[in-house]
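Scroll down for the structure; my scribbles are underneath it.
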Amino acid sequence: MANVTVIGAQWGDEGKGKIIDWLSNRAEMVVRFQGGNNAGHTIVVGDKTYKLSLLPSGVIQGKRSIIGNGVVVDPWSLLDEIGRIAAAGLAITPDVLVLAENAVLVLPLHRELDALREDAASQKIGTTKRGIGPAYEDKVGRRAIRAIDLADPASLPGKIERLLAHHNVLRRGFGAPDVDADGLLAALNEIAPKIAPFIGSSWRELDAARIAGKRVLFEGAQAVLLDIDHGTYPFVTSSNTVAGQAAAGAGVSPRAIGTVLGIVKSYTTRVGEGPFPTELTDATGEKLGVRGHEFGTVTGRKRRCGWFDAVLVRQTCITGGVDGICLTKLDVLDGFDEINICTAYELDGKRFDYLPADANMQARLTPVYETLEGWQETTAGARSWAELPANAIKYVRRVEELIGAPVSLLSTSPDRDDTIMVSDPFVDR
Ligand code: IMP
């Protein structure tokens, strides 16, 4: 099966957008399977930069693109994004985009609840306030409104009533006014005919692709350390971000997800709250942030930066199901005299070679570092191993050893062409 699944193997923002765009060149279908418009993918093609949030990256190359059932979809945001991409010269028609009929909708009341909670919380999660968590809660609470409901306007008043019976109680607890049911109905009825042409069946699209022998790329959002089960709970997103979710969130066999490529940044970043053992709050952290342009695509927030944490990535390769990694942003480490890699943690006199599950313990870990000699040459834009300085190659090889997964791809700039392929994820296994 020549499919590939791409996931983030740290806390997100590893550079998945570029790699997915690069891989989608050779795929015939691209599928999102979790998350929503909390994701932000930046794709640079020549002198054009595209910022995608909900749309699968395949749209940039006109590939059939599926928003799978595991995604939570803000329909207003989706239309805005389609409009912005159209203004940049790329028409997104139903020939290109399919929205799974059983995908759950993110409504204004979800965004409002997300913000009410974050603003009121003494211990914030630092969410994107896009309503992602509240929408997933309604999904598992079996009261959500789904894409297919837009095709059946007569069913909407009853569904809204059921949803608001839950939400209005919560809102009153925050001192917020009840939701205007008529206003929500009118808004959904207004948007329904604009979304309806895109609604289809994710599993049937994928089954047809399987029968036709088409190559499919499953596009993960966020990353394993933000996974609702395997991440740094409670400072996580509300979906499963591991590769296995590609099957459930699109409607395919677990065997259909193909080779799993974990995207890994050459150092570590995190947006939002939560533990981060190798975080650097000094000039070195600042330098990584400035050189790596570490500002969030979605919220514009400054990302926290630190050294590469091999303990975490070794663990996420296991829990995420990663076969090989793509190491990104190696050039940000150019010019450092010494580079640290975290190889273990210490806590209360004990050594850990994994991340303890307890959030209080996670917050108190001290990293144990191995120091490697840096390189002064530039690796930015390198397109072959031969162009890399010896110490950069040593760094990459040491990362591979420590995380127990091979480097399949190396990305040396945001540009599509600045990519070194060690093994082809669509072919090599
Ligand atoms: P939520 O997904 O908006 O609920 O936010 C939960 C946590 O996930 C917060 O720490 C966010 O900063 C983080 N998060 C969500 N989406 C992304 C992403 O695409 N990249 C990086 N962090 C993200």
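In the structure tokens, chains take the letters A, B, ... in the order shown, each chain's residues start at 1, and ligands count up from 1 in the order shown.
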Env. residues ligand 1 / 9 Å / only C-alpha atoms and all ligand atoms / as a ChimeraX atom specification: /A:11-14,35-41,53,114,125-134,221-223,226-227,234-239,269-274,296-299,301,303
Could you take the residues named above and write them with C-alpha atoms, as a tab-separated table (two decimals), in the first residue's frame?
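Result file part-v1.tsv:
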```
chain	number	residue	atom	x	y	z
A	11	TRP	CA	4.19	19.97	20.16
A	12	GLY	CA	3.20	21.07	16.65
A	13	ASP	CA	4.66	23.66	14.28
A	14	GLU	CA	7.37	21.25	13.16
A	35	GLY	CA	-8.35	18.81	14.53
A	36	GLY	CA	-9.93	21.83	12.95
A	37	ASN	CA	-8.99	25.41	12.25
A	38	ASN	CA	-6.72	25.39	15.31
A	39	ALA	CA	-4.13	24.09	12.83
A	40	GLY	CA	-2.04	26.45	10.77
A	41	HIS	CA	0.03	25.29	7.84
A	53	SER	CA	-6.01	26.11	8.45
A	114	ASP	CA	-13.67	28.12	24.65
A	125	ILE	CA	-4.50	25.60	28.72
A	126	GLY	CA	-3.64	28.33	26.25
A	127	THR	CA	-6.06	27.08	23.59
A	128	THR	CA	-6.40	28.74	20.20
A	129	LYS	CA	-9.96	29.78	21.26
A	130	ARG	CA	-11.31	28.34	18.02
A	131	GLY	CA	-13.92	26.25	19.83
A	132	ILE	CA	-12.20	22.96	19.07
A	133	GLY	CA	-12.46	21.41	22.54
A	134	PRO	CA	-16.14	22.33	23.07
A	221	ALA	CA	-2.57	18.44	12.46
A	222	GLN	CA	-1.08	19.40	15.85
A	223	ALA	CA	1.23	16.68	17.17
A	226	LEU	CA	-0.80	17.46	22.11
A	227	ASP	CA	-2.69	14.15	21.71
A	234	PRO	CA	-4.34	18.46	30.34
A	235	PHE	CA	-2.25	20.85	28.21
A	236	VAL	CA	-3.29	19.15	24.98
A	237	THR	CA	-5.75	19.51	22.15
A	238	SER	CA	-9.04	17.58	22.16
A	239	SER	CA	-8.35	14.99	19.47
A	269	THR	CA	9.00	24.66	20.47
A	270	ARG	CA	5.64	24.88	22.15
A	271	VAL	CA	2.75	27.38	21.97
A	272	GLY	CA	0.38	27.67	24.88
A	273	GLU	CA	0.78	26.47	28.45
A	274	GLY	CA	2.15	23.23	29.85
A	296	GLY	CA	2.16	30.98	15.75
A	297	THR	CA	0.47	30.85	12.33
A	298	VAL	CA	-3.01	30.83	13.87
A	299	THR	CA	-2.79	33.12	16.89
A	301	ARG	CA	1.63	34.04	19.75
A	303	ARG	CA	6.43	30.19	20.65
```
Sel. of strand (DSSP E or B) residues, range 323-415 of chain A, as an MDAnalysis selection string: chainID A and resid 324:328 338:347 350:352 366:373 407:411 415
Range 74-257 of chain A: residues DSSP assigns to helix (DSSP H, G or I), reported as a PyMOL selection string: chain A and resi 75-87+108-120+132-140+147-151+153-173+181-198+202-211+224-226+245-248+254-257
Nearby residues (only C-alpha atoms) at most 7 Å from range 157-174 of chain A, same-chain spacing under 5 positions excluded, as an MDAnalysis selection string: chainID A and resid 143:145 179 181 185
Only N, CA, C and O atoms, please: the residues just picked out, written as a PDB file, in the first residue's frame.
```pdb
ATOM      1  N   ARG A 143     -24.594  15.323  20.912  1.00  0.00           N
ATOM      2  CA  ARG A 143     -25.580  16.382  20.688  1.00  0.00           C
ATOM      3  C   ARG A 143     -25.092  17.346  19.619  1.00  0.00           C
ATOM      4  O   ARG A 143     -25.633  18.436  19.468  1.00  0.00           O
ATOM      5  N   ALA A 144     -24.014  16.976  18.889  1.00  0.00           N
ATOM      6  CA  ALA A 144     -23.414  17.906  17.925  1.00  0.00           C
ATOM      7  C   ALA A 144     -24.272  18.042  16.672  1.00  0.00           C
ATOM      8  O   ALA A 144     -25.069  17.161  16.338  1.00  0.00           O
ATOM      9  N   ILE A 145     -24.058  19.154  15.970  1.00  0.00           N
ATOM     10  CA  ILE A 145     -24.661  19.322  14.643  1.00  0.00           C
ATOM     11  C   ILE A 145     -23.570  18.977  13.637  1.00  0.00           C
ATOM     12  O   ILE A 145     -22.419  19.405  13.786  1.00  0.00           O
ATOM     13  N   VAL A 179     -27.881  31.521  24.230  1.00  0.00           N
ATOM     14  CA  VAL A 179     -27.661  31.606  22.776  1.00  0.00           C
ATOM     15  C   VAL A 179     -28.992  31.968  22.108  1.00  0.00           C
ATOM     16  O   VAL A 179     -30.051  31.449  22.491  1.00  0.00           O
ATOM     17  N   ALA A 181     -31.373  31.237  19.703  1.00  0.00           N
ATOM     18  CA  ALA A 181     -31.646  30.042  18.893  1.00  0.00           C
ATOM     19  C   ALA A 181     -32.066  30.413  17.468  1.00  0.00           C
ATOM     20  O   ALA A 181     -31.629  29.785  16.489  1.00  0.00           O
ATOM     21  N   LEU A 185     -30.157  29.422  13.991  1.00  0.00           N
ATOM     22  CA  LEU A 185     -30.857  28.722  12.903  1.00  0.00           C
ATOM     23  C   LEU A 185     -30.731  29.501  11.598  1.00  0.00           C
ATOM     24  O   LEU A 185     -30.423  28.932  10.541  1.00  0.00           O
TER      25      LEU A 185
END
```
Selected residue of minimal separation from Pro56 in chain A among A:Ala246, A:Ala115, A:Leu217, A:Leu333, counting only C-alpha atoms: A:Leu217
